[in-house]
Amino acid sequence: MIQAIGLTSASRGDEAPAVDDLTFDARPGEITALLGDSGAGKSTALRLMLELEPGRGITLFGGRPLHRHAHPANIVGVLLGDVPGHPSRTARGHLRMLAAAAGAPAERADQVLEIVGLRDAADRRLGEFSLGMDRRLGVAAALLGDPPALLLDDPAQDLSPRDTAWLYGLLKTYAARGGTVVVTVSDPRTAGRLADRIVTLDAGRLVADQSAQEFGRGRLRPYVAVQSPQAERLALLLAGDETEITHESGSRICVYGTTTARIGETAFRHGILLHRLADEVGDTGVPESPHGDRAPGAVSLAPVREARPPAGPARPVRYELRRLAGIRGPWLIALAGVLASALSTLVLLRTGHHAVSLRLLTGWAHSLPLPPAALGGGLLGALSYGQEFRYPALAPANAPVPRQLRLLLAKLVVNGGAALAIAGGAAAAGVVEAHFLGGHGLPRLLVLARIAVTWGVLALVCCWAGVLAAGVFRTTALGLAGVLAVPLLVAPVVRRAATAPAIDAVRLATQPVRYSFVLSLFALLCAYVATVLRRRNPISFR
């Protein structure tokens with residue numbers, strides 16, 4: 001059971017709110033259609049129900065607001081637009097990633113692919129999907145948590161008749177099994193055929209809440225559509241007290257109050273050629289709003305509820321692992337980092353670098369701000385949040401990507417592990433090159449351990465700086481820029497501060513990059529936590 005009570009969107013200056021005091025119920029086992037023209041407030045109403053739009057009122061899902069449920073994906077499935085998935089990710093990989101976010105088992109991905117008819121396309125990449133396949137995938141994502149309710153915003157928009165028939169059939173089957181469906185539609189005839197209950201909106205206000213039978217009797221009017229080169233003559237023959245005829249064009253008329261049989265017989269008797277003869281349903285127009293004339297923009301003084309960010313993944317580490325490994329990009333970055341490190345080490349050996357050191361084993365030439373493998377780890381970290389903002393799989397359409405400390409921790413752990421793996425591969429390649437090509441023996445265990453720890457810490461902090469910078473600045477490019485800014489901008493400042501006469505920090509001056517990363521990580525972490533805490537208080541009074 002879904003109960004929407006007093007939904008009112010935030011005021012827009014002198015304009016009336018997009019949704020004004022909307023109240024309705026959506027019952028289990030029924031399809032409830034929100035009907036209205038473009039701009040009537042249907043999409044805004046759905047977003048208010050999902051707490052993605054600031055405004056007043058409340059929506060109860062099973063007696064509680066959505067934010068009071070631990071796992072919202074298990075309460076309501078949502079389809080508000082096209083699937084924001086990475087084009088290189090497969091359909092199965094995308095759904096398994098979302099299954100981890102919803103707390104569902106990985107096998108659920110194959111089950112919903114079967115339900116929506118995409119089993120044969122499970123291993124195809126999302127960039128190859130047609131619009132109809134993309135919409136089916138969106139429905140599959142909404143069904144992942146096996147929710148008792150579905151909210152869909154004009155799901156049949158731009159679909160072919162075949163895909164539309166399939167979608168409406170699926171929704172009817174879902175409702176027949178006890179599910180609750182709320183769907184927005186613009187065509188009253190579609191609403192009459194699809195829904196069990198129709199809630200009509202006009203300028204954001206409720207004008208009618210009717211059963212399908214009441215809606216059909218009061219809003220829809222049957223007629224016979226006739227197309228003939230002799231339409232004018234046929235209209236004269238059909239004219240009568242109980243018959244109403246309207247002319248749509250020179251060869252098309254609409255006849256109310258009669259049947260196709262009578263029209264066909266009349267045309268046959270008088271030798272009139274018919275090109276088309278079909279029963280159709282017409283719209284009598286939106287009924288008058290029961291709210292009366294309210295002043296535009298007049299709203300109550302009740303507190304405004306701010307939009308809430310979507311919930312983060314239920315299993316953040318599993319989600320991040322599937323997000324990272326589900327596309328080729330991270331694998332290519334790792335390979336490129338190791339190969340670039342090996343090539344740079346080879347250059348150092350050929351240019352007379354004799355001492356076995358961190359710079360030799362990691363290919364850190366003096367002309368490079370950071371070792372290639374460390375830059376690869378930083379890029380992986382930047383992508384971990386950059387891709388979330390570019391392809392917001394965790395957030396419905398136009399919703400903010402969730403910023404949660406547990407999601408941040410998962411990204412730090414998973415991507416940090418990947419960065420250490422890249423660093424290990426690069427160091428192993430450097431040791432092999434130094435031994436076989438440079439004639440260097442293996443360094444003592446203590447020296448090797450010190451180099452390994454220093455190298456691991458450097459790779460780790462590069463990755464973490466990328467994660468935090470991308471999380472704060474919301475793009476991959478600025479995330480990587482945050483990594484490069486440490487050796488290029490922060491380290492020189494630290495070096496100059498350490499060599500000032502008033503500061504006794506000789507060790508700080510010897511390794512400015514390490515300490516510069518510590519300072520940068522601390523600053524970025526504080527900025528990230530500030531963005532999280534800023535969203536923790538969703539209620540404000542205006």
# chains A, B, ... in the order shown; residues from 1 in each chain; ligands from 1
>>> residues_around(residues="A:Val255", least_positions_apart="4", cutoff="6 Å", atoms="only C-alpha atoms", output="list in words")
Tyr223, Val224, Glu244 and Ile245 of chain A
>>> select_by_dssp(residues="stretch 92-266 of chain A", states="strand (DSSP E or B)", output="MDAnalysis selection string")
chainID A and resid 125 149:152 180:185 197:202 205:211 220:227 240 243:249 252:256
>>> closest_atom_pairs(of="stretch 397-444 of chain A", to="stretch 78-92 of chain A", cutoff="12 Å", atoms="only C-alpha atoms", output="JSON lines")
{"residue": "A:Ala397", "atom": "CA", "partner": "A:Leu80", "partner_atom": "CA", "distance": 5.7}
{"residue": "A:Asn398", "atom": "CA", "partner": "A:Leu80", "partner_atom": "CA", "distance": 9.0}
{"residue": "A:Ala399", "atom": "CA", "partner": "A:Leu80", "partner_atom": "CA", "distance": 10.2}
{"residue": "A:Val401", "atom": "CA", "partner": "A:Pro84", "partner_atom": "CA", "distance": 11.9}
>>> write_last_selection(atoms="C-alpha atoms", output="PDB file, in the first residue's frame")
ATOM      1  CA  ALA A 397      17.494  10.113 -12.921  1.00  0.00           C
ATOM      2  CA  ASN A 398      18.685  13.578 -11.891  1.00  0.00           C
ATOM      3  CA  ALA A 399      19.249  12.507  -8.272  1.00  0.00           C
ATOM      4  CA  VAL A 401      24.977  10.436  -6.196  1.00  0.00           C
TER       5      VAL A 401
END
>>> closest_residue(among="A:Leu437, A:Ala261, A:Leu150, A:Leu60", to="A:Ala342", atoms="only C-alpha atoms")
A:Leu437
>>> residues_around(residues="A:Gly179", least_positions_apart="6", cutoff="12 Å", atoms="only C-alpha atoms", output="JSON, numbers by chain")
{"A": [1, 2, 26, 27, 28, 29, 30, 31, 32, 75, 76, 77, 143, 146, 147, 148, 149, 150, 151, 170, 171, 172, 173]}
>>> atom_distance(atom1="atom CA of A:Pro155", atom2="atom CA of A:Val139")
8.8 Å
>>> closest_residue(among="A:Leu343, A:Cys254, A:Ala239, A:Ala395", to="A:Pro222", atoms="only C-alpha atoms")
A:Cys254
>>> atom_distance(atom1="atom CA of A:Gly216", atom2="atom CA of A:Ala195")
11.0 Å
>>> closest_residue(among="A:Leu118, A:Ala101, A:Cys526, A:Ala374", to="A:Leu468", atoms="only C-alpha atoms")
A:Cys526
>>> closest_atom_pairs(of="stretch 401-476 of chain A", to="stretch 352-366 of chain A", cutoff="6 Å", atoms="only C-alpha atoms", output="tab-separated table")
residue	atom	partner	partner_atom	distance
A:Ala427	CA	A:Leu361	CA	5.5
A:Gly430	CA	A:Leu361	CA	4.3
A:Val431	CA	A:Leu361	CA	5.9
A:Ile451	CA	A:Leu358	CA	5.7
>>> write_last_selection(atoms="N, CA and C atoms", output="short mmCIF file (atom, residue, chain, number, x, y, z; two decimals), in the first residue's frame")
data_model
loop_
_atom_site.label_atom_id
_atom_site.label_comp_id
_atom_site.auth_asym_id
_atom_site.auth_seq_id
_atom_site.Cartn_x
_atom_site.Cartn_y
_atom_site.Cartn_z
N ALA A 427 57.05 -3.12 -9.47
CA ALA A 427 58.28 -3.37 -8.72
C ALA A 427 58.92 -4.69 -9.12
N GLY A 430 60.65 -4.18 -12.28
CA GLY A 430 61.88 -3.41 -12.07
C GLY A 430 63.00 -4.25 -11.50
N VAL A 431 62.68 -5.17 -10.55
CA VAL A 431 63.69 -6.05 -9.97
C VAL A 431 64.28 -6.97 -11.04
N ILE A 451 62.32 -0.33 0.68
CA ILE A 451 61.85 0.17 -0.62
C ILE A 451 60.40 -0.24 -0.85
#
>>> closest_residue(among="A:Pro188, A:Gly326, A:Gly13, A:Gly264", to="A:His94", atoms="only C-alpha atoms")
A:Gly326
